[in-house]
file start-v1.csv (CSV, C-alpha atoms)
chain,number,residue,atom,x,y,z
E,28,MET,CA,32.6,51.0,117.0
E,29,LYS,CA,31.4,47.4,117.7
E,30,LYS,CA,29.3,46.9,120.7
E,31,ILE,CA,30.8,44.6,123.4
E,32,TYR,CA,28.3,42.3,125.1
E,33,GLY,CA,29.0,41.0,128.7
E,34,ASN,CA,32.5,41.1,130.1
E,35,LYS,CA,31.6,44.1,132.3
E,36,GLN,CA,34.4,43.5,134.8
E,37,LEU,CA,37.0,43.3,132.0
E,38,LEU,CA,35.8,46.5,130.5
E,39,SER,CA,35.8,48.2,133.9
E,40,VAL,CA,39.5,47.2,134.3
E,41,LEU,CA,40.5,48.6,130.9
E,42,GLU,CA,38.5,51.8,131.4
E,43,GLY,CA,40.0,52.3,134.9
E,44,MET,CA,43.5,52.2,133.4
E,45,ILE,CA,42.6,55.0,130.9
E,46,VAL,CA,40.9,57.1,133.5
E,47,ASN,CA,44.0,56.9,135.8
E,48,ASP,CA,46.3,57.4,132.8
E,49,ARG,CA,48.1,54.1,133.6
E,50,PRO,CA,47.5,51.8,130.6
E,51,VAL,CA,49.6,48.7,130.5
E,52,ASN,CA,52.1,48.3,127.7
E,53,SER,CA,51.5,44.6,127.3
E,54,LEU,CA,48.0,43.1,127.4
E,55,MET,CA,47.1,39.5,126.8
E,56,LEU,CA,43.5,38.6,126.0
E,57,TYR,CA,42.6,34.9,126.1
E,58,GLY,CA,39.4,32.9,125.7
E,59,ASP,CA,37.5,30.5,123.4
E,60,LYS,CA,37.4,31.1,119.7
E,61,GLY,CA,34.5,33.5,118.9
E,62,CYS,CA,34.2,35.0,122.4
E,63,GLY,CA,35.3,38.5,121.2
E,64,LYS,CA,39.0,38.8,121.9
E,65,LYS,CA,39.7,40.8,118.8
E,66,THR,CA,36.8,43.1,119.4
E,67,VAL,CA,38.2,43.8,122.9
E,68,ALA,CA,41.7,44.3,121.4
E,69,ASP,CA,40.3,46.9,119.0
E,70,TYR,CA,38.4,48.5,121.9
E,71,TYR,CA,41.6,48.8,124.0
E,72,THR,CA,43.4,50.2,120.9
E,73,MET,CA,40.7,52.8,120.5
E,74,GLN,CA,41.0,53.7,124.2
E,75,LEU,CA,44.8,54.2,123.8
E,76,LEU,CA,44.5,56.4,120.8
E,77,CYS,CA,41.1,58.2,121.2
E,78,SER,CA,41.5,62.0,121.3
E,79,SER,CA,38.6,62.5,123.7
E,80,PRO,CA,37.8,59.4,125.8
E,81,GLU,CA,34.7,59.7,128.1
E,82,ASN,CA,35.2,58.0,131.5
E,83,GLY,CA,37.8,55.8,130.0
E,84,ARG,CA,35.6,54.8,127.0
E,85,PRO,CA,36.6,55.7,123.4
E,86,CYS,CA,34.3,58.3,121.9
E,87,GLY,CA,34.0,56.3,118.6
E,88,LYS,CA,33.8,59.6,116.7
E,89,CYS,CA,37.2,61.1,116.5
E,90,ASN,CA,39.6,60.5,113.6
E,91,ALA,CA,41.6,58.0,115.7
E,92,CYS,CA,38.6,56.0,116.6
E,93,ARG,CA,37.3,55.9,113.1
E,94,ASN,CA,40.6,54.9,111.7
E,95,VAL,CA,41.0,52.1,114.2
E,96,ALA,CA,37.5,50.9,113.4
E,97,ALA,CA,38.4,51.0,109.7
E,98,GLY,CA,41.6,49.1,110.3
E,99,ASN,CA,43.8,51.8,108.8
E,100,HIS,CA,45.3,53.8,111.7
E,101,PRO,CA,48.9,54.6,110.8
E,102,ASP,CA,50.1,53.9,114.3
E,103,VAL,CA,48.3,50.6,114.7
E,104,THR,CA,50.1,47.5,113.3
E,105,TYR,CA,48.3,44.2,112.9
E,106,VAL,CA,51.4,42.0,112.9
E,107,GLU,CA,51.3,39.6,110.0
E,108,THR,CA,51.6,35.8,110.3
E,109,SER,CA,53.5,33.6,108.0
E,110,GLY,CA,54.1,29.9,107.1
E,111,LYS,CA,51.7,27.0,106.8
E,112,LEU,CA,50.8,27.2,110.5
E,113,GLY,CA,50.1,30.9,110.4
E,114,GLY,CA,52.7,31.7,113.1
E,115,TYR,CA,54.9,34.7,113.9
E,116,SER,CA,58.5,34.3,112.7
E,117,VAL,CA,61.6,35.5,114.4
E,118,GLU,CA,62.3,37.8,111.5
E,119,THR,CA,58.8,39.4,112.0
E,120,ALA,CA,59.6,39.9,115.7
E,121,ARG,CA,62.9,41.6,114.8
E,122,ASN,CA,61.1,43.9,112.4
E,123,ILE,CA,58.6,44.9,115.1
E,124,ILE,CA,61.4,45.6,117.6
E,125,ALA,CA,63.0,48.0,115.0
E,126,ASP,CA,59.7,49.7,114.3
E,127,ALA,CA,58.8,50.0,118.0
E,128,PHE,CA,61.6,52.5,118.5
E,129,ILE,CA,60.3,54.9,115.9
E,130,LYS,CA,58.1,57.4,117.7
E,131,PRO,CA,54.4,57.7,116.7
E,132,ASN,CA,53.0,60.7,114.9
E,133,ASN,CA,49.6,61.3,116.5
E,134,ASP,CA,47.9,63.3,119.2
E,135,SER,CA,47.9,60.5,121.7
E,136,GLY,CA,51.6,59.9,121.4
E,137,ARG,CA,51.1,56.1,121.3
E,138,LYS,CA,51.4,53.3,118.9
E,139,VAL,CA,49.9,49.8,119.1
E,140,TYR,CA,50.9,46.4,117.9
E,141,GLN,CA,48.3,43.6,117.8
E,142,PHE,CA,49.5,40.0,117.7
E,143,ARG,CA,46.2,38.1,116.9
E,144,ASP,CA,45.5,34.3,117.3
E,145,CYS,CA,48.8,33.4,118.9
E,146,HIS,CA,48.3,29.7,118.9
E,147,ASN,CA,51.5,27.7,119.1
E,148,MET,CA,53.6,30.9,119.0
E,149,ASP,CA,57.2,29.8,118.4
E,150,PRO,CA,59.2,30.0,121.6
E,151,ARG,CA,62.1,31.5,119.6
E,152,THR,CA,59.8,34.3,118.5
E,153,GLN,CA,58.6,34.9,122.1
E,154,ASN,CA,62.2,35.0,123.3
E,155,THR,CA,63.1,37.5,120.6
E,156,LEU,CA,60.2,39.8,121.8
E,157,LEU,CA,61.0,39.3,125.5
E,158,LYS,CA,63.4,42.2,125.9
E,159,LEU,CA,61.1,44.6,124.1
E,160,ILE,CA,58.1,43.5,126.3
E,161,GLU,CA,60.3,43.8,129.5
E,162,GLU,CA,61.5,47.4,128.7
E,163,PRO,CA,59.2,48.9,126.0
E,164,PRO,CA,59.3,52.5,124.9
E,165,GLU,CA,56.8,54.3,126.9
E,166,TYR,CA,54.6,55.0,123.9
E,167,ALA,CA,54.5,51.4,122.6
E,168,HIS,CA,51.7,49.0,123.5
E,169,PHE,CA,51.4,45.3,122.6
E,170,ILE,CA,48.2,43.3,122.5
E,171,PHE,CA,48.2,39.5,122.2
E,172,THR,CA,45.1,37.3,121.7
E,173,ALA,CA,45.0,33.6,122.2
E,174,GLU,CA,42.6,30.8,123.2
E,175,SER,CA,44.8,30.1,126.3
E,176,LYS,CA,47.5,32.2,128.0
E,177,TYR,CA,49.5,29.0,128.3
E,178,GLU,CA,50.2,29.3,124.6
E,179,PHE,CA,53.0,31.6,125.9
E,180,LEU,CA,56.2,31.1,127.8
E,181,PRO,CA,56.0,31.9,131.6
E,182,THR,CA,58.4,34.8,131.0
E,183,ILE,CA,56.0,36.4,128.6
E,184,ILE,CA,52.9,35.7,130.8
E,185,SER,CA,54.6,37.3,133.8
E,186,ARG,CA,55.3,40.6,131.9
E,187,CYS,CA,51.7,41.0,130.5
E,188,MET,CA,48.4,41.9,132.1
E,189,CYS,CA,46.4,38.7,131.4
E,190,LEU,CA,42.6,39.1,131.1
E,191,GLY,CA,40.1,36.4,130.2
E,192,VAL,CA,37.4,37.2,127.7
E,193,SER,CA,34.3,35.3,128.7
E,194,PRO,CA,31.2,34.1,126.7
E,195,CYS,CA,28.0,36.0,127.2
E,196,THR,CA,24.7,34.9,128.7
E,197,ILE,CA,22.2,33.4,126.3
E,198,ASP,CA,20.1,36.5,126.6
E,199,GLU,CA,23.0,38.7,125.7
E,200,THR,CA,23.8,36.5,122.8
E,201,ALA,CA,20.2,36.5,121.6
E,202,GLN,CA,20.2,40.3,121.8
E,203,ALA,CA,23.4,40.6,119.8
E,204,LEU,CA,22.0,38.3,117.1
E,205,GLU,CA,18.7,40.0,117.0
E,206,GLU,CA,20.4,43.4,116.6
E,207,ALA,CA,22.4,41.8,113.7
E,208,GLY,CA,19.2,41.0,112.0
E,209,TYR,CA,18.7,37.3,112.6
E,210,THR,CA,15.3,35.7,113.0
E,211,PRO,CA,14.1,34.1,116.3
E,212,GLU,CA,14.4,30.6,114.7
E,213,GLN,CA,18.0,31.3,113.6
E,214,ILE,CA,18.8,32.7,117.1
E,215,THR,CA,17.4,29.6,118.8
E,216,SER,CA,19.3,27.2,116.4
E,217,ALA,CA,22.6,29.0,117.0
E,218,THR,CA,22.4,29.4,120.7
E,219,ASN,CA,21.4,25.8,121.2
E,220,SER,CA,24.7,24.8,119.6
E,221,PHE,CA,27.0,27.6,120.8
E,222,HIS,CA,25.2,29.2,123.8
E,223,GLY,CA,26.9,32.5,124.8
E,224,ASN,CA,29.6,32.5,122.1
E,225,ILE,CA,28.5,35.3,119.8
E,226,GLY,CA,31.2,34.8,117.3
E,227,LEU,CA,30.6,31.1,116.8
E,228,CYS,CA,26.8,31.7,116.8
E,229,ILE,CA,27.2,34.1,113.9
E,230,GLN,CA,29.7,31.7,112.1
E,231,TYR,CA,27.2,28.8,112.6
E,232,LEU,CA,24.5,30.8,110.8
E,233,SER,CA,26.7,31.8,107.9
E,234,ASP,CA,29.0,28.8,107.5
E,235,GLN,CA,27.7,25.5,106.2
E,236,GLN,CA,30.9,23.7,107.1
E,237,LEU,CA,30.4,24.6,110.7
E,238,ARG,CA,26.8,23.4,110.6
E,239,ASP,CA,28.0,20.2,109.0
E,240,ALA,CA,30.6,19.8,111.8
E,241,VAL,CA,27.8,20.1,114.4
E,242,ASP,CA,25.8,17.5,112.7
E,243,LEU,CA,28.7,15.1,112.5
E,244,THR,CA,29.5,15.6,116.2
E,245,LYS,CA,25.9,14.7,117.0
E,246,LYS,CA,26.1,11.6,114.8
E,247,LEU,CA,29.4,10.6,116.5
E,248,SER,CA,27.6,10.8,119.9
E,249,ASP,CA,24.7,8.7,118.6
E,250,SER,CA,27.1,6.0,117.5
E,251,ILE,CA,28.7,5.9,120.9
E,252,ILE,CA,25.3,5.8,122.5
E,253,ARG,CA,24.3,2.8,120.3
E,254,LYS,CA,27.8,1.2,121.0
E,255,ASP,CA,28.2,1.0,117.2
E,256,GLU,CA,31.9,0.9,116.4
E,257,TYR,CA,31.2,0.5,112.6
E,258,GLY,CA,28.9,3.5,112.6
E,259,LEU,CA,31.3,5.5,114.7
E,260,ASN,CA,34.1,4.7,112.2
E,261,ALA,CA,31.9,5.5,109.2
E,262,VAL,CA,31.0,8.9,110.6
E,263,PHE,CA,34.6,9.8,111.3
E,264,MET,CA,35.6,8.7,107.8
E,265,SER,CA,32.9,10.9,106.3
E,266,ALA,CA,34.6,13.9,107.9
E,267,GLY,CA,37.4,13.7,105.4
E,268,THR,CA,41.1,14.4,106.0
E,269,ASP,CA,41.2,18.2,106.4
E,270,ARG,CA,43.1,18.6,109.7
E,271,SER,CA,41.5,21.7,110.8
E,272,ARG,CA,38.0,20.2,110.3
E,273,ILE,CA,39.0,17.0,112.2
E,274,LYS,CA,40.5,19.0,115.1
E,275,ARG,CA,37.2,21.0,115.3
E,276,ILE,CA,35.1,17.8,115.4
E,277,LEU,CA,37.3,16.2,118.0
E,278,SER,CA,37.1,19.3,120.2
E,279,MET,CA,33.3,19.5,119.8
E,280,THR,CA,33.0,15.8,120.6
E,281,ASP,CA,35.2,16.3,123.7
E,282,LYS,CA,32.8,19.1,124.9
E,283,LEU,CA,29.8,16.7,124.5
E,284,VAL,CA,31.6,14.0,126.5
E,285,ARG,CA,32.4,16.6,129.2
E,286,ASP,CA,28.8,17.7,129.3
E,287,ALA,CA,27.7,14.0,129.7
E,288,ALA,CA,29.9,13.7,132.8
E,289,VAL,CA,28.5,16.9,134.2
E,290,LEU,CA,24.8,16.0,133.5
E,291,ALA,CA,25.3,12.6,135.1
E,292,GLU,CA,25.8,14.5,138.4
E,293,ASP,CA,23.3,17.3,137.7
E,294,LYS,CA,20.8,17.1,134.9
E,295,ASP,CA,20.1,20.8,135.0
E,296,ALA,CA,23.8,21.9,134.8
E,297,ALA,CA,25.0,24.4,132.2
E,298,ILE,CA,26.6,22.8,129.2
E,299,ILE,CA,29.3,23.9,126.7
E,300,GLY,CA,28.8,21.4,123.9
E,301,CYS,CA,26.6,21.6,120.8
E,302,SER,CA,23.6,19.5,122.0
E,303,ARG,CA,22.0,19.1,125.4
E,304,ARG,CA,19.9,16.2,124.1
E,305,GLU,CA,22.9,14.2,122.9
E,306,ALA,CA,24.9,14.9,126.1
E,307,ALA,CA,22.0,13.9,128.3
E,308,SER,CA,21.6,10.6,126.3
E,309,LEU,CA,25.3,10.0,126.5
E,310,SER,CA,25.3,10.6,130.3
E,311,GLU,CA,23.0,7.5,130.6
E,312,ILE,CA,25.6,5.3,128.7
E,313,ILE,CA,28.9,6.3,130.2
E,314,THR,CA,30.0,7.1,133.7
E,315,PRO,CA,32.0,10.3,134.6
E,316,ILE,CA,35.1,8.1,134.9
E,317,GLN,CA,34.6,6.7,131.4
E,318,ALA,CA,34.0,10.2,130.2
E,319,GLY,CA,37.4,11.2,131.6
E,320,ARG,CA,39.1,8.3,129.8
E,321,ILE,CA,37.4,9.2,126.5
E,322,HIS,CA,38.5,12.8,127.0
E,323,ASP,CA,42.1,11.6,127.3
E,324,LEU,CA,41.7,9.6,124.0
E,325,LEU,CA,40.2,12.6,122.2
E,326,GLU,CA,43.0,14.9,123.5
E,327,LYS,CA,45.6,12.4,122.4
E,328,ALA,CA,44.0,12.1,118.9
E,329,TRP,CA,43.9,15.9,118.6
E,330,GLY,CA,47.6,16.0,119.4
E,331,SER,CA,48.3,13.3,116.8
E,332,VAL,CA,46.4,15.3,114.1
E,333,GLU,CA,48.4,18.4,115.0
E,334,SER,CA,51.6,16.3,114.6
E,335,ASN,CA,50.8,15.3,111.0
E,336,VAL,CA,50.0,11.6,111.7
E,337,SER,CA,47.8,9.8,109.2
E,338,ILE,CA,44.2,10.9,109.7
E,339,PRO,CA,42.6,7.5,108.9
E,340,LEU,CA,45.0,5.7,111.2
E,341,ILE,CA,44.3,8.1,114.0
E,342,LEU,CA,40.5,7.9,113.7
E,343,THR,CA,40.4,4.1,113.2
E,344,ALA,CA,42.4,3.6,116.4
E,345,LEU,CA,40.3,6.2,118.2
E,346,CYS,CA,37.0,4.4,117.4
E,347,GLY,CA,38.3,1.1,118.7
E,348,GLU,CA,39.6,2.6,121.9
E,349,ILE,CA,36.4,4.5,122.6
E,350,MET,CA,34.4,1.3,122.1
E,351,ASP,CA,36.7,-0.6,124.4
E,352,ILE,CA,35.8,1.9,127.1
E,353,VAL,CA,32.1,2.1,126.4
E,354,ILE,CA,31.5,-1.7,126.1
E,355,GLY,CA,34.1,-2.3,128.7
call {"tool": "encode", "arguments": {"input": "start-v1.csv", "output": "structure tokens"}}
result
Amino acid sequence: MKKIYGNKQLLSVLEGMIVNDRPVNSLMLYGDKGCGKKTVADYYTMQLLCSSPENGRPCGKCNACRNVAAGNHPDVTYVETSGKLGGYSVETARNIIADAFIKPNNDSGRKVYQFRDCHNMDPRTQNTLLKLIEEPPEYAHFIFTAESKYEFLPTIISRCMCLGVSPCTIDETAQALEEAGYTPEQITSATNSFHGNIGLCIQYLSDQQLRDAVDLTKKLSDSIIRKDEYGLNAVFMSAGTDRSRIKRILSMTDKLVRDAAVLAEDKDAAIIGCSRREAASLSEIITPIQAGRIHDLLEKAWGSVESNVSIPLILTALCGEIMDIVIG
């Protein structure tokens, strides 16, 4: 059973439901990518199916817990995505509805369906599931994970218990990385970029593409600081045309700009971006109002990338608009 760091209040809520034998049938877990939503989803699944929970916590030793940990419990369904966008189809929702009314065959008398990474979940699919979530069989439980609960329709949100999964403290993250076998130098490098997000810290240490994205984000910030439109455009063009990569870099740049606005008011404030040094330097170049305007541009560009507009066209326009704000 994976150890969960931080999120003590969230775990207390889940454990209280098990102790009182009042688990919710529909749970929505939301938070940043890498913060541990899937780990918490598996933990709640174990809680529901464990044959001998201890104070609401799964024992981690029984057959049910071991099968959940191995991802092969017969009454746990990890609902499959489909299509280029990795969404959940109406047909898939209908299949889940049919399956949900087949009673489970285990000691707990429960079955669990996990819908993971519900970004841009089709409203038609959500509406198809709505009746099931409103009036589920007593034994059926549904767990949704997403970066934001607002990926869902209000009708779905209102019928789920929505719990945010938070990043950990730097110390908790360092402890997790140390226990995973990383060196002090690796831990410092990862936490400098991704702070209390254990998942992204681990990905940073194992994924060269993510490390490259961090480096590109810092170069973009340097170009803005130098007020170098040509350099800014050159860095963006070097990022290529992979839409997922471009969206990641835009999001990371947006966090640096946010940090610059915060550090302009309080140089010791906590940051969420990948470099305090870059954010501090940027805070000396742009005002919080300018940071807000750049944020709007980055958000607009992100939406255009999502909508399949030409990548070079988006980035070229973005460079010019950012420089118009910075040079003013």
call {"tool": "residues_around", "arguments": {"input": "start-v1.csv", "residues": "stretch 154-159 of chain E", "least_positions_apart": "4", "cutoff": "8 Å", "atoms": "all atoms listed in the file", "output": "JSON, numbers by chain"}}
result
{"E": [117, 120, 121, 124, 150, 163, 182, 183]}
call {"tool": "residues_near_point", "arguments": {"input": "start-v1.csv", "point": "(30.8, 55.4, 129.3)", "cutoff": "12 Å", "atoms": "only C-alpha atoms", "output": "number ranges by chain"}}
result
E: 35, 38-39, 41-43, 45-46, 74, 79-87
call {"tool": "atom_distance", "arguments": {"input": "start-v1.csv", "atom1": "atom CA of E:Ile338", "atom2": "atom CA of E:Glu326"}}
result
14.4 Å
call {"tool": "residues_near_point", "arguments": {"input": "start-v1.csv", "point": "(45.0, 35.6, 124.2)", "cutoff": "12 Å", "atoms": "all atoms listed in the file", "output": "JSON, numbers by chain"}}
result
{"E": [53, 54, 55, 56, 57, 58, 59, 60, 61, 62, 63, 64, 65, 67, 68, 141, 142, 143, 144, 145, 146, 147, 148, 169, 170, 171, 172, 173, 174, 175, 176, 177, 178, 179, 183, 184, 187, 188, 189, 190, 191, 192, 193]}
call {"tool": "closest_residue", "arguments": {"input": "start-v1.csv", "among": "E:Asp286, E:Asp242, E:Asp323, E:Asp249", "to": "E:Ser265", "atoms": "all atoms listed in the file"}}
result
E:Asp242
call {"tool": "atom_distance", "arguments": {"input": "start-v1.csv", "atom1": "atom CA of E:Leu76", "atom2": "atom CA of E:Phe128"}}
result
17.7 Å
